[in-house]
Amino acid sequence: MKPEEHSRRQQELAGWPVMIETYKLGDVYHCAIANVDPGARFARADGATREEAESRAIEKATRYLAQTRKFEV
Amino acid sequence: MATQTLPGVLVTTDWVAQHATDAAVRVVEVDVDTTSYDQGHVPGAAGWNWTTELCDTLVRDIIPANKLEELLGKTGIDNKTAIVLYGDNNNWFAAWAFWQLKIYGHQDVRIMDGGRKKWLAEGRDLSTDRPSFPATTYKAPAPDLSLRAFLPEVQQAVAGKKAALVDVRSPQEFTGEILAPPGLPETCQRGGHIPGAKSIPWGKNCNEDGTFKSFDELKALYAAQGITGDQPVIAYCRIGERSSLTWFTMKHLLGFKDVRNYDGSWTEWGNLVGAPVEKP
């Protein structure tokens with residue numbers, strides 16, 4: 001199968017820049033979110049539509065990012 | 001690209017598309033996100049889970065020899081098979097698998113340049129089938145631990161300046177502003193870096209499409225921090241996978257002789273009572 005509707009975009013979630021990657025394979029949309037630096041995937045979700053997959057992944061990502069603390073240096 | 005030192009250690013996505021099902025070749029996906037494989041993978045590729053299949057699941061250690069033999073055997077790999085690794089995050093854990101396979105002396109291991117990112121971006125075929133392979137009997141030689149740094153060697157490097165330390169984490173992790181990459185669990189008690197370490201984030205090894213930079217670009221990147229291959233080098237990150245990629249770069253693309261991956265990394269050093277920490 002060929003992946004369809006592949007997209008990558010950068011946006012900010014909970015104050016952190018992230019990369020959101022989505023594609024459709026068969027009938028399922030797969031979305032994965034990675035932090036921009038260092039570039040680790042840390043949230044993903046599937047859905048029947050792009051919006052469903054992305055909103056689920058974004059919800060998880062936002063929750064995880066909220067737990068990242070910043071320290072004075 | 002940067003294959004001037006050891007030709008053949010990198011293969012292109014085109015090459016994989018043409019050779020993925022060759023009998024003498026086994027393509028294996030290894031991802032940070034262990035669910036990525038099931039979201040579609042290179043047709044014919046096996047999938048290895050780094051959290052359960054590429055480590056000792058009891059003590060913190062790399063995969064034991066007998067477990068590696070079992071894994072390779074059930075993946076249909078013998079000692080002469082060309083293993084082609086790729087994965088997400090620009091091949092972080094593909095490099096982790098590469099490093100372990102080299103510790104156990106597998107001769108022909110390669111990485112698909114650009115990894116999963118490039119394969120997807122090129123719109124190439126994906127499969128959700130889990131292929132099965134005829135079982136083989138694999139015999140691993142004794143591990144080559146010259147590729148691995150343990151805590152005492154790192155402590156000696158700090159004290160005696162006998163090896164250069166390369167911290168491949170993000171600048172924010174290096175300075176101690178954050179304790180883990182954004183969105184991931186904090187796994188250390190202290191932030192900062194090992195005294196004397198040079199900050200060369202892993203991402204600087206790669207182009208935007210996920211491929212490795214050219215030999216000349218990589219050589220200049222490391223030389224700018226005084227890392228020329230003239231002295232031993234120890235790379236580290238948080239748990240040893242990002243530093244595997246940097247180890248791969250220095251050892252197999254730049255041809256540095258003595259490069260070790262400190263897989264204890266910051267989750268060991270940053271939790272160690274009394275260990276010196278430098279900030280920022």
# chains A, B, ... in the order shown; residues from 1 in each chain; ligands from 1
>>> interface_residues(of="chain A", to="chain B", cutoff="7 Å", atoms="only C-alpha atoms", output="list in words")
Met1, Lys2, Pro3, His30, Asn35, Asp37, Pro38, Gly39, Ala40, Arg41, Phe42, Ala61, Tyr64, Leu65, Thr68, Arg69, Lys70, Phe71, Glu72 and Val73 of chain A
>>> write_last_selection(atoms="C-alpha atoms", output="short mmCIF file (atom, residue, chain, number, x, y, z; two decimals), in the first residue's frame")
data_model
loop_
_atom_site.label_atom_id
_atom_site.label_comp_id
_atom_site.auth_asym_id
_atom_site.auth_seq_id
_atom_site.Cartn_x
_atom_site.Cartn_y
_atom_site.Cartn_z
CA MET A 1 0.00 0.00 0.00
CA LYS A 2 1.09 3.55 -0.63
CA PRO A 3 0.79 6.04 2.20
CA HIS A 30 -1.81 7.66 11.64
CA ASN A 35 9.54 17.31 19.88
CA ASP A 37 14.66 19.25 19.71
CA PRO A 38 15.91 16.56 20.10
CA GLY A 39 13.37 15.11 17.65
CA ALA A 40 11.84 12.25 19.65
CA ARG A 41 8.38 10.90 18.89
CA PHE A 42 6.45 10.92 22.12
CA ALA A 61 1.17 15.40 23.49
CA TYR A 64 2.90 14.93 28.31
CA LEU A 65 4.50 18.29 27.53
CA THR A 68 8.22 18.85 31.33
CA ARG A 69 9.80 21.23 33.83
CA LYS A 70 12.24 24.01 33.07
CA PHE A 71 15.01 24.88 35.50
CA GLU A 72 17.03 28.04 35.92
CA VAL A 73 20.54 27.73 34.55
#
>>> residues_around(residues="Glu21 in chain A", least_positions_apart="3", cutoff="6 Å", atoms="only C-alpha atoms", output="PyMOL selection string")
chain A and resi 7-8+31-32
>>> closest_residue(among="A:Leu25, A:Ala34, A:Ile20, A:Ala66", to="Glu54 in chain A", atoms="only C-alpha atoms")
A:Ile20
>>> select_by_dssp(residues="range 45-264 of chain B", states="helix (DSSP H, G or I)", output="PyMOL selection string")
chain B and resi 65-74+88-103+115-121+145-147+151-160+171-175+202-205+215-223+242-253
>>> select_by_dssp(residues="range 99-136 of chain B", states="strand (DSSP E)", output="number ranges by chain")
B: 109-112
>>> write_last_selection(atoms="N, CA and C atoms", output="mmCIF file, in the first residue's frame")
data_model
loop_
_atom_site.group_PDB
_atom_site.id
_atom_site.type_symbol
_atom_site.label_atom_id
_atom_site.label_comp_id
_atom_site.auth_asym_id
_atom_site.auth_seq_id
_atom_site.Cartn_x
_atom_site.Cartn_y
_atom_site.Cartn_z
ATOM 1 N N VAL B 109 26.459 -5.180 8.495
ATOM 2 C CA VAL B 109 25.327 -4.413 9.017
ATOM 3 C C VAL B 109 25.330 -3.060 8.321
ATOM 4 N N ARG B 110 24.170 -2.616 7.902
ATOM 5 C CA ARG B 110 24.076 -1.339 7.193
ATOM 6 C C ARG B 110 22.871 -0.562 7.721
ATOM 7 N N ILE B 111 22.873 0.692 7.440
ATOM 8 C CA ILE B 111 21.742 1.544 7.837
ATOM 9 C C ILE B 111 21.145 2.181 6.590
ATOM 10 N N MET B 112 19.816 2.195 6.541
ATOM 11 C CA MET B 112 19.140 2.863 5.422
ATOM 12 C C MET B 112 19.158 4.366 5.684
#
>>> atom_distance(atom1="CA of Lys80 in chain B", atom2="CA of Cys206 in chain B")
29.3 Å
>>> atom_distance(atom1="CA of Tyr86 in chain B", atom2="CA of Trp50 in chain B")
12.6 Å
>>> closest_atom_pairs(of="range 212-253 of chain B", to="range 154-162 of chain B", cutoff="9 Å", atoms="only C-alpha atoms", output="CSV")
residue,atom,partner,partner_atom,distance
B:Gln231,CA,B:Lys162,CA,7.6
B:Pro232,CA,B:Lys162,CA,7.2
B:Val233,CA,B:Lys162,CA,8.9
B:Ile234,CA,B:Val154,CA,7.6
>>> write_last_selection(atoms="C-alpha atoms", output="PDB file, in the first residue's frame")
ATOM      1  CA  GLN B 231      42.371  10.517  20.759  1.00  0.00           C
ATOM      2  CA  PRO B 232      39.751   8.134  22.179  1.00  0.00           C
ATOM      3  CA  VAL B 233      36.199   9.457  22.168  1.00  0.00           C
ATOM      4  CA  ILE B 234      33.243   8.550  24.357  1.00  0.00           C
TER       5      ILE B 234
END
>>> closest_atom_pairs(of="range 72-190 of chain B", to="range 253-262 of chain B", cutoff="6 Å", atoms="only C-alpha atoms", output="JSON lines")
{"residue": "B:Leu147", "atom": "CA", "partner": "B:Arg260", "partner_atom": "CA", "distance": 4.6}
{"residue": "B:Arg148", "atom": "CA", "partner": "B:Arg260", "partner_atom": "CA", "distance": 4.7}
{"residue": "B:Ala149", "atom": "CA", "partner": "B:Tyr262", "partner_atom": "CA", "distance": 4.5}
>>> residues_around(residues="Asp167 in chain B", least_positions_apart="6", cutoff="9 Å", atoms="only C-alpha atoms", output="CSV table (one decimal) with C-alpha atoms, in the first residue's frame")
chain,number,residue,atom,x,y,z
B,174,PHE,CA,23.3,19.8,28.2
B,193,HIS,CA,26.5,17.5,31.8
B,194,ILE,CA,29.7,15.5,32.5
B,197,ALA,CA,32.1,17.2,27.7
B,198,LYS,CA,31.6,18.9,24.3
B,199,SER,CA,28.1,19.5,23.2
B,200,ILE,CA,27.5,18.2,19.7
B,201,PRO,CA,23.8,17.4,19.4
B,202,TRP,CA,23.0,14.3,17.4
B,234,ILE,CA,33.2,8.6,24.4
B,235,ALA,CA,29.8,9.6,23.3
B,236,TYR,CA,26.8,9.7,25.6
B,237,CYS,CA,23.2,11.0,25.7
B,243,SER,CA,24.8,8.5,21.2
>>> decode(residues="range 77-88 of chain B", atoms="N, CA and C atoms", output="short mmCIF file (atom, residue, chain, number, x, y, z; two decimals), in the first residue's frame")
data_model
loop_
_atom_site.label_atom_id
_atom_site.label_comp_id
_atom_site.auth_asym_id
_atom_site.auth_seq_id
_atom_site.Cartn_x
_atom_site.Cartn_y
_atom_site.Cartn_z
N ILE B 77 18.17 -14.79 10.17
CA ILE B 77 19.49 -14.19 9.89
C ILE B 77 20.58 -15.17 10.27
N ASP B 78 21.52 -15.39 9.35
CA ASP B 78 22.70 -16.17 9.73
C ASP B 78 23.91 -15.23 9.74
N ASN B 79 25.07 -15.78 10.02
CA ASN B 79 26.24 -14.92 10.21
C ASN B 79 26.66 -14.18 8.94
N LYS B 80 26.14 -14.61 7.78
CA LYS B 80 26.53 -13.95 6.53
C LYS B 80 25.46 -13.02 5.98
N THR B 81 24.32 -12.97 6.63
CA THR B 81 23.24 -12.12 6.13
C THR B 81 23.62 -10.64 6.24
N ALA B 82 23.25 -9.89 5.21
CA ALA B 82 23.40 -8.43 5.28
C ALA B 82 22.17 -7.88 6.00
N ILE B 83 22.40 -7.31 7.18
CA ILE B 83 21.29 -6.75 7.96
C ILE B 83 21.20 -5.25 7.67
N VAL B 84 20.05 -4.83 7.18
CA VAL B 84 19.84 -3.41 6.88
C VAL B 84 18.84 -2.86 7.88
N LEU B 85 19.29 -1.93 8.68
CA LEU B 85 18.46 -1.37 9.75
C LEU B 85 17.93 0.00 9.38
N TYR B 86 16.74 0.28 9.83
CA TYR B 86 16.19 1.63 9.68
C TYR B 86 15.16 1.83 10.77
N GLY B 87 14.79 3.10 11.00
CA GLY B 87 13.77 3.35 12.00
C GLY B 87 13.35 4.81 12.04
N ASP B 88 12.55 5.12 13.03
CA ASP B 88 12.07 6.50 13.17
C ASP B 88 13.15 7.36 13.83
#
